[in-house]
file data_11.cif (mmCIF, C-alpha atoms)
data_model
loop_
_atom_site.group_PDB
_atom_site.id
_atom_site.type_symbol
_atom_site.label_atom_id
_atom_site.label_comp_id
_atom_site.auth_asym_id
_atom_site.auth_seq_id
_atom_site.Cartn_x
_atom_site.Cartn_y
_atom_site.Cartn_z
ATOM 1 C CA MET A 262 113.612 132.124 146.211
ATOM 2 C CA THR A 263 112.709 128.867 144.444
ATOM 3 C CA PRO A 264 114.036 125.819 146.325
ATOM 4 C CA GLU A 265 116.331 123.430 144.494
ATOM 5 C CA PRO A 266 114.572 120.306 143.184
ATOM 6 C CA ALA A 267 114.956 117.298 145.447
ATOM 7 C CA THR A 268 114.873 114.755 142.625
ATOM 8 C CA THR A 269 116.726 113.988 139.431
ATOM 9 C CA VAL A 270 114.553 111.830 137.195
ATOM 10 C CA VAL A 271 116.776 109.556 135.120
ATOM 11 C CA VAL A 272 115.304 108.212 131.892
ATOM 12 C CA VAL A 273 117.292 105.554 130.065
ATOM 13 C CA THR A 274 116.551 105.220 126.362
ATOM 14 C CA TRP A 275 117.719 102.998 123.540
ATOM 15 C CA ARG A 276 116.089 103.355 120.164
ATOM 16 C CA GLY A 277 113.224 105.104 121.908
ATOM 17 C CA ALA A 278 112.083 107.336 119.050
ATOM 18 C CA GLY A 279 108.617 105.805 119.097
ATOM 19 C CA HIS A 280 107.855 106.555 122.743
ATOM 20 C CA VAL A 281 110.437 108.743 124.507
ATOM 21 C CA THR A 282 108.639 111.971 123.551
ATOM 22 C CA ALA A 283 105.499 110.845 125.398
ATOM 23 C CA CYS A 284 107.644 110.071 128.448
ATOM 24 C CA LEU A 285 109.226 113.526 128.405
ATOM 25 C CA ASP A 286 105.831 115.178 127.853
ATOM 26 C CA ALA A 287 104.540 113.417 130.978
ATOM 27 C CA LEU A 288 107.577 114.517 132.968
ATOM 28 C CA ALA A 289 107.081 118.112 131.836
ATOM 29 C CA ALA A 290 103.538 117.943 133.255
ATOM 30 C CA GLN A 291 104.675 116.917 136.766
ATOM 31 C CA THR A 292 103.385 119.034 139.635
ATOM 32 C CA ARG A 293 106.690 118.816 141.510
ATOM 33 C CA PRO A 294 109.862 120.517 140.195
ATOM 34 C CA HIS A 295 112.700 118.191 139.281
ATOM 35 C CA ARG A 296 115.695 117.741 137.045
ATOM 36 C CA THR A 297 115.553 115.401 134.087
ATOM 37 C CA LEU A 298 118.592 113.472 132.905
ATOM 38 C CA VAL A 299 118.184 111.283 129.816
ATOM 39 C CA VAL A 300 120.866 108.678 129.212
ATOM 40 C CA ASP A 301 120.884 107.693 125.547
ATOM 41 C CA ASN A 302 122.405 104.262 125.028
ATOM 42 C CA ALA A 303 123.872 105.063 121.594
ATOM 43 C CA SER A 304 120.480 105.110 119.853
ATOM 44 C CA ASP A 305 120.644 105.105 116.065
ATOM 45 C CA ASP A 306 116.977 105.708 115.229
ATOM 46 C CA GLY A 307 116.653 109.477 115.535
ATOM 47 C CA THR A 308 116.201 109.509 119.306
ATOM 48 C CA ALA A 309 119.024 112.022 119.744
ATOM 49 C CA ALA A 310 117.297 114.581 117.525
ATOM 50 C CA LEU A 311 114.015 114.178 119.401
ATOM 51 C CA LEU A 312 115.763 114.733 122.730
ATOM 52 C CA ALA A 313 117.524 117.838 121.447
ATOM 53 C CA ALA A 314 114.250 119.288 120.135
ATOM 54 C CA HIS A 315 112.050 118.573 123.159
ATOM 55 C CA PRO A 316 110.738 121.813 124.737
ATOM 56 C CA SER A 317 111.529 120.634 128.273
ATOM 57 C CA THR A 318 115.254 120.772 127.363
ATOM 58 C CA PRO A 319 116.312 117.723 129.379
ATOM 59 C CA GLN A 320 119.952 117.184 130.160
ATOM 60 C CA VAL A 321 121.147 114.447 127.816
ATOM 61 C CA LEU A 322 124.076 112.122 128.313
ATOM 62 C CA ARG A 323 124.774 110.178 125.127
ATOM 63 C CA LEU A 324 126.876 107.066 125.636
ATOM 64 C CA PRO A 325 129.202 105.718 122.928
ATOM 65 C CA ARG A 326 127.705 102.218 123.190
ATOM 66 C CA ASN A 327 124.651 100.469 124.563
ATOM 67 C CA THR A 328 125.368 99.682 128.220
ATOM 68 C CA GLY A 329 121.852 98.467 129.010
ATOM 69 C CA TYR A 330 119.508 99.822 131.640
ATOM 70 C CA ALA A 331 121.806 98.894 134.520
ATOM 71 C CA GLY A 332 124.912 100.335 132.914
ATOM 72 C CA ALA A 333 123.188 103.587 132.005
ATOM 73 C CA MET A 334 121.714 104.000 135.494
ATOM 74 C CA ALA A 335 125.117 103.358 137.059
ATOM 75 C CA THR A 336 126.627 106.032 134.834
ATOM 76 C CA ALA A 337 123.836 108.456 135.688
ATOM 77 C CA LEU A 338 124.289 107.928 139.432
ATOM 78 C CA ARG A 339 127.764 109.426 139.205
ATOM 79 C CA ARG A 340 126.220 112.650 137.881
ATOM 80 C CA VAL A 341 123.223 112.964 140.203
ATOM 81 C CA ASP A 342 123.682 115.618 142.903
ATOM 82 C CA THR A 343 120.135 115.732 144.295
ATOM 83 C CA PRO A 344 119.054 113.862 147.460
ATOM 84 C CA LEU A 345 116.664 111.683 145.446
ATOM 85 C CA MET A 346 117.021 109.799 142.176
ATOM 86 C CA ALA A 347 114.025 108.538 140.218
ATOM 87 C CA TRP A 348 114.347 105.639 137.805
ATOM 88 C CA LEU A 349 111.997 105.804 134.822
ATOM 89 C CA ASN A 350 111.713 103.705 131.686
ATOM 90 C CA ASP A 351 111.507 105.589 128.410
ATOM 91 C CA ASP A 352 108.264 103.743 127.588
ATOM 92 C CA ALA A 353 106.585 104.943 130.801
ATOM 93 C CA GLU A 354 104.236 107.916 131.141
ATOM 94 C CA PRO A 355 103.831 109.050 134.762
ATOM 95 C CA ALA A 356 100.625 110.748 135.901
ATOM 96 C CA PRO A 357 101.049 114.452 136.789
ATOM 97 C CA GLY A 358 101.199 113.783 140.532
ATOM 98 C CA TRP A 359 103.558 110.815 140.245
ATOM 99 C CA LEU A 360 106.734 112.458 141.523
ATOM 100 C CA ALA A 361 104.983 114.479 144.227
ATOM 101 C CA THR A 362 103.397 111.303 145.581
ATOM 102 C CA LEU A 363 106.721 109.467 145.635
ATOM 103 C CA GLU A 364 108.543 112.329 147.341
ATOM 104 C CA ASP A 365 105.784 112.730 149.946
ATOM 105 C CA THR A 366 105.799 108.974 150.571
ATOM 106 C CA LEU A 367 109.529 108.982 151.327
ATOM 107 C CA ASP A 368 109.181 112.140 153.452
ATOM 108 C CA ALA A 369 106.662 110.259 155.596
ATOM 109 C CA ALA A 370 108.914 107.180 155.887
ATOM 110 C CA PRO A 371 112.370 108.261 157.105
ATOM 111 C CA LEU A 372 113.543 104.648 157.433
ATOM 112 C CA ALA A 373 112.713 103.895 153.801
ATOM 113 C CA ALA A 374 115.371 104.267 151.120
ATOM 114 C CA ALA A 375 113.054 103.632 148.176
ATOM 115 C CA ALA A 376 109.424 103.937 147.118
ATOM 116 C CA ALA A 377 107.808 101.748 144.468
ATOM 117 C CA SER A 378 105.397 103.182 141.920
ATOM 118 C CA ARG A 379 102.333 101.464 140.456
ATOM 119 C CA LEU A 380 102.916 100.561 136.831
ATOM 120 C CA ASP A 381 99.760 99.991 134.804
ATOM 121 C CA LEU A 382 99.704 98.342 131.403
ATOM 122 C CA GLU A 383 97.931 99.865 128.430
ATOM 123 C CA ASP A 384 94.850 97.691 129.060
ATOM 124 C CA GLY A 385 94.496 99.197 132.546
ATOM 125 C CA SER A 386 95.723 96.149 134.479
ATOM 126 C CA THR A 387 98.498 96.561 137.024
ATOM 127 C CA GLN A 388 101.879 95.230 135.991
ATOM 128 C CA SER A 389 103.660 96.032 139.246
ATOM 129 C CA ALA A 390 102.955 97.718 142.565
ATOM 130 C CA GLY A 391 106.309 96.580 143.915
ATOM 131 C CA VAL A 392 108.417 93.432 143.920
ATOM 132 C CA ARG A 393 108.156 90.368 146.148
ATOM 133 C CA LEU A 394 110.801 87.733 146.807
ATOM 134 C CA THR A 395 109.659 84.212 145.930
ATOM 135 C CA ALA A 396 110.617 81.096 147.862
ATOM 136 C CA ASP A 397 113.145 80.174 145.159
ATOM 137 C CA GLY A 398 114.705 83.628 144.940
ATOM 138 C CA HIS A 399 112.908 85.242 142.039
ATOM 139 C CA GLY A 400 111.978 88.908 142.110
ATOM 140 C CA ALA A 401 108.333 88.874 141.056
ATOM 141 C CA ASP A 402 105.994 91.776 140.386
ATOM 142 C CA LEU A 403 103.251 92.395 142.936
ATOM 143 C CA PRO A 404 99.923 93.055 141.193
ATOM 144 C CA GLU A 405 98.257 94.278 144.403
ATOM 145 C CA PRO A 406 99.233 97.399 146.393
ATOM 146 C CA ALA A 407 101.028 97.051 149.729
ATOM 147 C CA ASP A 408 102.358 99.589 152.210
ATOM 148 C CA GLU A 409 105.708 97.827 152.479
ATOM 149 C CA VAL A 410 107.235 95.737 149.711
ATOM 150 C CA PHE A 411 110.449 93.782 149.399
ATOM 151 C CA GLY A 412 111.617 95.774 146.408
ATOM 152 C CA PHE A 413 110.666 98.082 143.576
ATOM 153 C CA CYS A 414 110.270 97.702 139.848
ATOM 154 C CA GLY A 415 113.071 99.675 138.209
ATOM 155 C CA GLY A 416 110.689 100.919 135.532
ATOM 156 C CA ALA A 417 109.474 103.655 137.890
ATOM 157 C CA ALA A 418 110.763 104.207 141.419
ATOM 158 C CA LEU A 419 112.265 106.836 143.716
ATOM 159 C CA ILE A 420 115.434 106.152 145.712
ATOM 160 C CA ARG A 421 117.482 108.127 148.222
ATOM 161 C CA THR A 422 120.785 108.872 146.528
ATOM 162 C CA GLY A 423 122.951 108.655 149.655
ATOM 163 C CA PRO A 424 121.901 105.148 150.728
ATOM 164 C CA LEU A 425 122.049 103.975 147.119
ATOM 165 C CA ARG A 426 125.690 105.000 146.887
ATOM 166 C CA THR A 427 126.478 103.623 150.349
ATOM 167 C CA VAL A 428 125.281 100.111 149.446
ATOM 168 C CA GLY A 429 127.408 100.022 146.319
ATOM 169 C CA GLY A 430 125.284 101.710 143.678
ATOM 170 C CA ILE A 431 123.827 99.885 140.691
ATOM 171 C CA PRO A 432 125.291 96.634 139.272
ATOM 172 C CA ALA A 433 126.267 97.957 135.837
ATOM 173 C CA SER A 434 127.472 94.556 134.627
ATOM 174 C CA PHE A 435 123.912 93.157 134.798
ATOM 175 C CA PHE A 436 123.122 95.098 131.584
ATOM 176 C CA CYS A 437 119.390 94.813 132.254
ATOM 177 C CA TYR A 438 116.976 92.937 134.532
ATOM 178 C CA TYR A 439 117.396 92.254 138.267
ATOM 179 C CA GLU A 440 119.387 95.453 138.852
ATOM 180 C CA ASP A 441 116.301 96.654 140.763
ATOM 181 C CA THR A 442 115.862 93.507 142.885
ATOM 182 C CA ASP A 443 119.593 93.360 143.646
ATOM 183 C CA THR A 444 119.583 97.038 144.671
ATOM 184 C CA ALA A 445 116.518 96.684 146.879
ATOM 185 C CA TRP A 446 118.005 93.566 148.503
ATOM 186 C CA ARG A 447 121.222 95.409 149.372
ATOM 187 C CA LEU A 448 119.252 98.327 150.790
ATOM 188 C CA ARG A 449 117.326 95.922 153.006
ATOM 189 C CA LEU A 450 120.517 94.213 154.156
ATOM 190 C CA ALA A 451 121.811 97.661 155.110
ATOM 191 C CA GLY A 452 118.745 98.121 157.332
ATOM 192 C CA TRP A 453 116.589 100.287 155.061
ATOM 193 C CA ASP A 454 112.918 99.761 154.223
ATOM 194 C CA VAL A 455 111.192 99.870 150.837
ATOM 195 C CA VAL A 456 107.642 101.213 150.730
ATOM 196 C CA GLY A 457 104.856 101.085 148.188
ATOM 197 C CA ALA A 458 103.281 104.204 146.721
ATOM 198 C CA PRO A 459 100.329 102.828 144.729
ATOM 199 C CA GLU A 460 98.937 106.310 144.088
ATOM 200 C CA ALA A 461 102.124 107.130 142.136
ATOM 201 C CA ALA A 462 100.713 105.825 138.877
ATOM 202 C CA VAL A 463 102.598 105.241 135.628
ATOM 203 C CA ARG A 464 101.269 104.012 132.293
ATOM 204 C CA HIS A 465 103.790 101.523 130.952
ATOM 205 C CA ARG A 466 104.209 100.167 127.442
ATOM 206 C CA HIS A 467 105.847 97.034 128.795
ATOM 207 C CA GLY A 468 108.504 95.605 126.501
ATOM 208 C CA ALA A 469 108.725 98.513 124.076
ATOM 209 C CA SER A 470 112.539 98.427 124.234
ATOM 210 C CA THR A 471 113.092 94.737 124.977
ATOM 211 C CA ARG A 472 111.086 91.631 124.136
ATOM 212 C CA PRO A 473 109.933 89.766 127.269
ATOM 213 C CA GLY A 474 110.001 86.043 126.592
ATOM 214 C CA SER A 475 112.753 86.259 123.968
ATOM 215 C CA PRO A 476 115.977 84.230 124.278
ATOM 216 C CA GLN A 477 117.888 87.422 125.151
ATOM 217 C CA PHE A 478 115.355 88.254 127.872
ATOM 218 C CA HIS A 479 115.728 84.809 129.445
ATOM 219 C CA ARG A 480 119.507 84.981 129.190
ATOM 220 C CA TRP A 481 119.707 88.249 131.130
ATOM 221 C CA ASN A 482 116.879 87.375 133.505
ATOM 222 C CA GLU A 483 118.142 83.945 134.579
ATOM 223 C CA ARG A 484 121.813 84.955 134.665
ATOM 224 C CA ASN A 485 121.162 88.019 136.782
ATOM 225 C CA ARG A 486 118.831 86.162 139.153
ATOM 226 C CA LEU A 487 121.609 83.685 139.913
ATOM 227 C CA LEU A 488 124.153 86.486 140.303
ATOM 228 C CA THR A 489 121.804 88.379 142.630
ATOM 229 C CA LEU A 490 121.463 85.260 144.790
ATOM 230 C CA LEU A 491 125.241 84.797 144.878
ATOM 231 C CA ARG A 492 125.646 88.424 145.932
ATOM 232 C CA CYS A 493 122.758 88.838 148.375
ATOM 233 C CA ALA A 494 121.112 85.576 149.486
ATOM 234 C CA PRO A 495 122.182 83.203 152.262
ATOM 235 C CA GLY A 496 124.951 80.956 150.980
ATOM 236 C CA GLY A 497 122.894 77.767 151.153
ATOM 237 C CA VAL A 498 120.060 79.335 149.175
ATOM 238 C CA ALA A 499 122.402 80.602 146.464
ATOM 239 C CA LEU A 500 124.178 77.257 146.099
ATOM 240 C CA ARG A 501 120.906 75.276 146.018
ATOM 241 C CA GLN A 502 119.424 77.464 143.312
ATOM 242 C CA LEU A 503 122.595 77.376 141.242
ATOM 243 C CA ALA A 504 122.784 73.583 141.575
ATOM 244 C CA ARG A 505 119.104 73.268 140.715
ATOM 245 C CA PHE A 506 119.558 75.340 137.566
ATOM 246 C CA ALA A 507 122.629 73.315 136.543
ATOM 247 C CA LEU A 508 120.913 69.960 137.238
ATOM 248 C CA LEU A 509 117.830 70.864 135.221
ATOM 249 C CA THR A 510 120.100 71.968 132.402
ATOM 250 C CA ALA A 511 122.006 68.684 132.488
ATOM 251 C CA VAL A 512 118.871 66.516 132.237
ATOM 252 C CA LEU A 513 117.094 68.605 129.590
ATOM 253 C CA PRO A 514 118.469 66.572 126.649
ATOM 254 C CA LEU A 515 117.019 63.437 128.274
ATOM 255 C CA ARG A 516 113.519 64.867 128.764
ATOM 256 C CA SER A 517 110.676 64.483 126.320
ATOM 257 C CA GLY A 518 107.759 66.839 126.075
ATOM 258 C CA LYS A 519 109.641 69.785 127.546
ATOM 259 C CA PRO A 520 108.077 73.234 127.056
ATOM 260 C CA ASP A 521 108.931 75.048 123.837
ATOM 261 C CA ALA A 522 110.254 78.131 125.593
ATOM 262 C CA PRO A 523 113.704 79.743 125.389
ATOM 263 C CA ASN A 524 114.497 79.105 129.054
ATOM 264 C CA PHE A 525 114.182 75.351 128.385
ATOM 265 C CA ARG A 526 116.749 75.409 125.576
ATOM 266 C CA PHE A 527 119.876 73.480 126.494
ATOM 267 C CA GLY A 528 122.268 75.753 124.614
ATOM 268 C CA LEU A 529 120.883 78.933 126.153
ATOM 269 C CA ARG A 530 121.056 77.513 129.667
ATOM 270 C CA CYS A 531 124.645 76.384 129.099
ATOM 271 C CA ARG A 532 125.508 79.907 128.007
ATOM 272 C CA ILE A 533 123.898 81.294 131.168
ATOM 273 C CA LEU A 534 125.921 78.923 133.355
ATOM 274 C CA ALA A 535 129.115 79.866 131.509
ATOM 275 C CA GLU A 536 128.412 83.570 132.027
ATOM 276 C CA VAL A 537 127.707 83.020 135.737
ATOM 277 C CA ALA A 538 130.979 81.071 136.068
ATOM 278 C CA LEU A 539 132.873 83.858 134.321
ATOM 279 C CA ARG A 540 131.374 86.434 136.688
ATOM 280 C CA LEU A 541 131.698 84.315 139.820
ATOM 281 C CA PRO A 542 134.896 85.922 141.184
ATOM 282 C CA ALA A 543 133.372 89.408 140.867
ATOM 283 C CA ALA A 544 130.115 88.224 142.436
ATOM 284 C CA LEU A 545 131.934 86.719 145.425
ATOM 285 C CA PHE A 546 133.987 89.886 145.867
ATOM 286 C CA ALA A 547 130.760 91.926 145.774
ATOM 287 C CA ARG A 548 129.278 89.536 148.335
ATOM 288 C CA ARG A 549 132.112 90.318 150.747
ATOM 289 C CA MET A 550 131.619 94.057 150.234
ATOM 290 C CA ILE A 551 127.867 93.708 150.780
ATOM 291 C CA THR A 552 128.513 91.811 154.022
ATOM 292 C CA ARG A 553 130.712 94.644 155.292
ATOM 293 C CA ARG A 554 127.990 97.199 154.582
ATOM 294 C CA SER A 555 125.135 95.129 156.036
ATOM 295 C CA ALA A 556 123.312 95.863 159.264
ATOM 296 C CA LEU A 557 121.151 92.731 159.013
ATOM 297 C CA GLY A 558 122.061 89.123 158.370
ATOM 298 C CA ARG A 559 121.235 87.536 155.043
ATOM 299 C CA GLY A 560 119.215 84.868 156.846
ATOM 300 C CA ALA A 561 117.079 87.438 158.638
ATOM 301 C CA VAL A 562 116.143 89.227 155.415
ATOM 302 C CA TRP A 563 115.465 85.928 153.660
ATOM 303 C CA GLU A 564 113.253 84.633 156.462
ATOM 304 C CA ALA A 565 111.322 87.894 156.614
ATOM 305 C CA TRP A 566 110.584 88.146 152.878
ATOM 306 C CA ALA A 567 111.139 84.965 150.882
ATOM 307 C CA GLY A 568 107.851 83.366 149.874
ATOM 308 C CA HIS A 569 105.688 85.940 151.683
#

call {"tool": "encode", "arguments": {"input": "data_11.cif", "output": "structure tokens"}}
result
Amino acid sequence: MTPEPATTVVVVTWRGAGHVTACLDALAAQTRPHRTLVVDNASDDGTAALLAAHPSTPQVLRLPRNTGYAGAMATALRRVDTPLMAWLNDDAEPAPGWLATLEDTLDAAPLAAAAASRLDLEDGSTQSAGVRLTADGHGADLPEPADEVFGFCGGAALIRTGPLRTVGGIPASFFCYYEDTDTAWRLRLAGWDVVGAPEAAVRHRHGASTRPGSPQFHRWNERNRLLTLLRCAPGGVALRQLARFALLTAVLPLRSGKPDAPNFRFGLRCRILAEVALRLPAALFARRMITRRSALGRGAVWEAWAGH
């Protein structure tokens, strides 16, 4: 009798016609049995037809509108009934032993709720072997392997479904960016570890679906970093970083020679602050819920990981 797969691999796609087939081909070549669930964020470029025609016959959930990576993952979580849930970008191509390595890594680490893959760029350099927490509360990619990491890059990771649900699931309202750091942070507050699995290799066409460095990227990235701090960080840290962002925004019109980058545009930063203010009540409510579920203090997690 064939055992039931332990993992559902969730692939989120949006206008992925140019690369989703390669992702599904790589999943079909995995050495470990699994289920594949593709969440299509209302693609309008022929992606739906490619998914329907793929020989691996993945389960497809087509959403009526684009809910972003975070929204699609949150929707998928409600449908996952396996003990493990893998997150995978549609522009990622995992090596054949990717899933087996991740599953074996978690089997060997019963106190870990998540395992981080190694994402390599097309030029062979490593984009991420996990995520570290900077001294000012950014989630930054680790280019070097480590046995234990603060968090995982959501482009390719394996997570225990039970703990993920217990800590509140995935922040769907983030749309995209920082849903992985926020999730890893909540898992750590609940007393779980996150481990690295550098042998679980994935080739990643970084930015195939979004444009890193664009105004939209900076809007989501900066907004969600501040919201993650308000939800997960010690109160003093969250308030200092929010005040720092607001102060820099206020003095930008007075500065000369400022960098010509979207995150130094006064209008964009004002929009970010307005969106954080609009979401503040929900973030503070989530903070209370996170506190109730936590086994560790926010200060202890911050001291252990920030800036290290």

call {"tool": "closest_residue", "arguments": {"input": "data_11.cif", "among": "A:Arg421, A:His315, A:Arg379, A:Arg526", "to": "Thr269 of chain A", "atoms": "all atoms listed in the file"}}
result
A:Arg421

call {"tool": "residues_near_point", "arguments": {"input": "data_11.cif", "point": "(113.4, 78.5, 122.8)", "cutoff": "12 Å", "atoms": "all atoms listed in the file", "output": "list in words"}}
result
Gly474, Ser475, Pro476, Gln477, Phe478, His479, Arg480, Lys519, Pro520, Asp521, Ala522, Pro523, Asn524, Phe525, Arg526, Phe527, Gly528, Leu529 and Arg530 of chain A

call {"tool": "residues_near_point", "arguments": {"input": "data_11.cif", "point": "(132.7, 81.9, 140.2)", "cutoff": "12 Å", "atoms": "all atoms listed in the file", "output": "PyMOL selection string"}}
result
chain A and resi 487-488+491-492+500+503+534-548

call {"tool": "closest_residue", "arguments": {"input": "data_11.cif", "among": "A:Leu338, A:Met346, A:Val272, A:Ala370", "to": "Gly416 of chain A", "atoms": "all atoms listed in the file"}}
result
A:Val272

call {"tool": "resolve_selection", "arguments": {"input": "data_11.cif", "expression": "the PyMOL selection byres ((chain A and resi 352-362) around 7)", "output": "list in words"}}
result
His280, Val281, Ala283, Cys284, Ala287, Leu288, Ala290, Gln291, Thr292, Arg293, Leu349, Asn350, Asp351, Leu363, Glu364, Asp365, Thr366, Glu460, Ala461, Ala462, Val463, Arg464, His465, Arg466 and Ala469 of chain A

call {"tool": "closest_residue", "arguments": {"input": "data_11.cif", "among": "A:Ser389, A:Asn482, A:Ser434, A:Thr422", "to": "Ala374 of chain A", "atoms": "only C-alpha atoms"}}
result
A:Thr422

call {"tool": "resolve_selection", "arguments": {"input": "data_11.cif", "expression": "the PyMOL selection byres ((chain A and resi 403-415) around 9)", "output": "short mmCIF file (atom, residue, chain, number, x, y, z; two decimals) with C-alpha atoms, in the coordinates of the input"}}
result
data_model
loop_
_atom_site.label_atom_id
_atom_site.label_comp_id
_atom_site.auth_asym_id
_atom_site.auth_seq_id
_atom_site.Cartn_x
_atom_site.Cartn_y
_atom_site.Cartn_z
CA TRP A 348 114.35 105.64 137.80
CA LEU A 349 112.00 105.80 134.82
CA ASN A 350 111.71 103.70 131.69
CA ALA A 375 113.05 103.63 148.18
CA ALA A 376 109.42 103.94 147.12
CA ALA A 377 107.81 101.75 144.47
CA SER A 378 105.40 103.18 141.92
CA ARG A 379 102.33 101.46 140.46
CA LEU A 380 102.92 100.56 136.83
CA SER A 386 95.72 96.15 134.48
CA THR A 387 98.50 96.56 137.02
CA GLN A 388 101.88 95.23 135.99
CA SER A 389 103.66 96.03 139.25
CA ALA A 390 102.96 97.72 142.56
CA GLY A 391 106.31 96.58 143.92
CA VAL A 392 108.42 93.43 143.92
CA ARG A 393 108.16 90.37 146.15
CA LEU A 394 110.80 87.73 146.81
CA GLY A 400 111.98 88.91 142.11
CA ALA A 401 108.33 88.87 141.06
CA ASP A 402 105.99 91.78 140.39
CA GLY A 416 110.69 100.92 135.53
CA ALA A 417 109.47 103.66 137.89
CA ALA A 418 110.76 104.21 141.42
CA LEU A 419 112.26 106.84 143.72
CA TYR A 438 116.98 92.94 134.53
CA TYR A 439 117.40 92.25 138.27
CA GLU A 440 119.39 95.45 138.85
CA ASP A 441 116.30 96.65 140.76
CA THR A 442 115.86 93.51 142.88
CA ASP A 443 119.59 93.36 143.65
CA THR A 444 119.58 97.04 144.67
CA ALA A 445 116.52 96.68 146.88
CA TRP A 446 118.00 93.57 148.50
CA ARG A 449 117.33 95.92 153.01
CA ASP A 454 112.92 99.76 154.22
CA VAL A 455 111.19 99.87 150.84
CA VAL A 456 107.64 101.21 150.73
CA GLY A 457 104.86 101.08 148.19
CA ALA A 458 103.28 104.20 146.72
CA PRO A 459 100.33 102.83 144.73
CA TRP A 566 110.58 88.15 152.88
CA ALA A 567 111.14 84.96 150.88
#

call {"tool": "resolve_selection", "arguments": {"input": "data_11.cif", "expression": "the PyMOL selection byres ((chain A and resi 331) around 8)", "output": "list in words"}}
result
Thr328, Gly329, Tyr330, Gly332, Ala333, Met334, Ala335, Ile431, Pro432, Ala433, Ser434, Phe435, Phe436, Cys437, Tyr438 and Glu440 of chain A

call {"tool": "closest_residue", "arguments": {"input": "data_11.cif", "among": "A:Ser517, A:Ser304, A:Thr510, A:Ser555", "to": "Cys531 of chain A", "atoms": "all atoms listed in the file"}}
result
A:Thr510

call {"tool": "atom_distance", "arguments": {"input": "data_11.cif", "atom1": "atom CA of Arg554 of chain A", "atom2": "atom CA of Ala451 of chain A"}}
result
6.2 Å

call {"tool": "atom_distance", "arguments": {"input": "data_11.cif", "atom1": "atom CA of Met550 of chain A", "atom2": "atom CA of Thr427 of chain A"}}
result
10.9 Å

call {"tool": "atom_distance", "arguments": {"input": "data_11.cif", "atom1": "atom CA of Arg326 of chain A", "atom2": "atom CA of Thr297 of chain A"}}
result
21.0 Å

call {"tool": "residues_around", "arguments": {"input": "data_11.cif", "residues": "Ala278 of chain A", "least_positions_apart": "4", "cutoff": "9 Å", "atoms": "all atoms listed in the file", "output": "list in words"}}
result
Thr274, Thr282, Ser304, Asp306, Gly307, Thr308, Ala309 and Leu311 of chain A

call {"tool": "closest_residue", "arguments": {"input": "data_11.cif", "among": "A:Gly279, A:Pro473, A:Gly423, A:Gly398", "to": "Ala494 of chain A", "atoms": "only C-alpha atoms"}}
result
A:Gly398

call {"tool": "closest_residue", "arguments": {"input": "data_11.cif", "among": "A:Trp563, A:Leu285, A:Leu515, A:Arg296", "to": "Ala347 of chain A", "atoms": "all atoms listed in the file"}}
result
A:Arg296

call {"tool": "build_atoms", "arguments": {"input": "data_11.cif", "residues": "segment 490-498 of chain A", "atoms": "N, CA, C and O atoms", "output": "PDB file, in the coordinates of the input"}}
result
ATOM      1  N   LEU A 490     121.445  86.202 143.671  1.00  0.00           N
ATOM      2  CA  LEU A 490     121.463  85.260 144.790  1.00  0.00           C
ATOM      3  C   LEU A 490     122.882  85.077 145.322  1.00  0.00           C
ATOM      4  O   LEU A 490     123.099  85.058 146.543  1.00  0.00           O
ATOM      5  N   LEU A 491     123.855  84.957 144.442  1.00  0.00           N
ATOM      6  CA  LEU A 491     125.241  84.797 144.878  1.00  0.00           C
ATOM      7  C   LEU A 491     125.731  86.026 145.635  1.00  0.00           C
ATOM      8  O   LEU A 491     126.549  85.921 146.555  1.00  0.00           O
ATOM      9  N   ARG A 492     125.235  87.185 145.288  1.00  0.00           N
ATOM     10  CA  ARG A 492     125.646  88.424 145.932  1.00  0.00           C
ATOM     11  C   ARG A 492     124.895  88.674 147.241  1.00  0.00           C
ATOM     12  O   ARG A 492     125.498  89.157 148.218  1.00  0.00           O
ATOM     13  N   CYS A 493     123.609  88.337 147.292  1.00  0.00           N
ATOM     14  CA  CYS A 493     122.758  88.838 148.375  1.00  0.00           C
ATOM     15  C   CYS A 493     122.120  87.769 149.260  1.00  0.00           C
ATOM     16  O   CYS A 493     121.802  88.050 150.415  1.00  0.00           O
ATOM     17  N   ALA A 494     121.869  86.588 148.745  1.00  0.00           N
ATOM     18  CA  ALA A 494     121.112  85.576 149.486  1.00  0.00           C
ATOM     19  C   ALA A 494     121.997  84.819 150.470  1.00  0.00           C
ATOM     20  O   ALA A 494     123.233  84.835 150.365  1.00  0.00           O
ATOM     21  N   PRO A 495     121.392  84.126 151.442  1.00  0.00           N
ATOM     22  CA  PRO A 495     122.182  83.203 152.262  1.00  0.00           C
ATOM     23  C   PRO A 495     122.922  82.207 151.380  1.00  0.00           C
ATOM     24  O   PRO A 495     122.410  81.787 150.326  1.00  0.00           O
ATOM     25  N   GLY A 496     124.118  81.805 151.813  1.00  0.00           N
ATOM     26  CA  GLY A 496     124.951  80.956 150.980  1.00  0.00           C
ATOM     27  C   GLY A 496     124.275  79.672 150.552  1.00  0.00           C
ATOM     28  O   GLY A 496     124.369  79.265 149.388  1.00  0.00           O
ATOM     29  N   GLY A 497     123.565  79.023 151.487  1.00  0.00           N
ATOM     30  CA  GLY A 497     122.894  77.767 151.153  1.00  0.00           C
ATOM     31  C   GLY A 497     121.830  77.948 150.085  1.00  0.00           C
ATOM     32  O   GLY A 497     121.675  77.101 149.198  1.00  0.00           O
ATOM     33  N   VAL A 498     121.096  79.047 150.173  1.00  0.00           N
ATOM     34  CA  VAL A 498     120.060  79.335 149.175  1.00  0.00           C
ATOM     35  C   VAL A 498     120.690  79.526 147.806  1.00  0.00           C
ATOM     36  O   VAL A 498     120.242  78.960 146.802  1.00  0.00           O
TER      37      VAL A 498
END
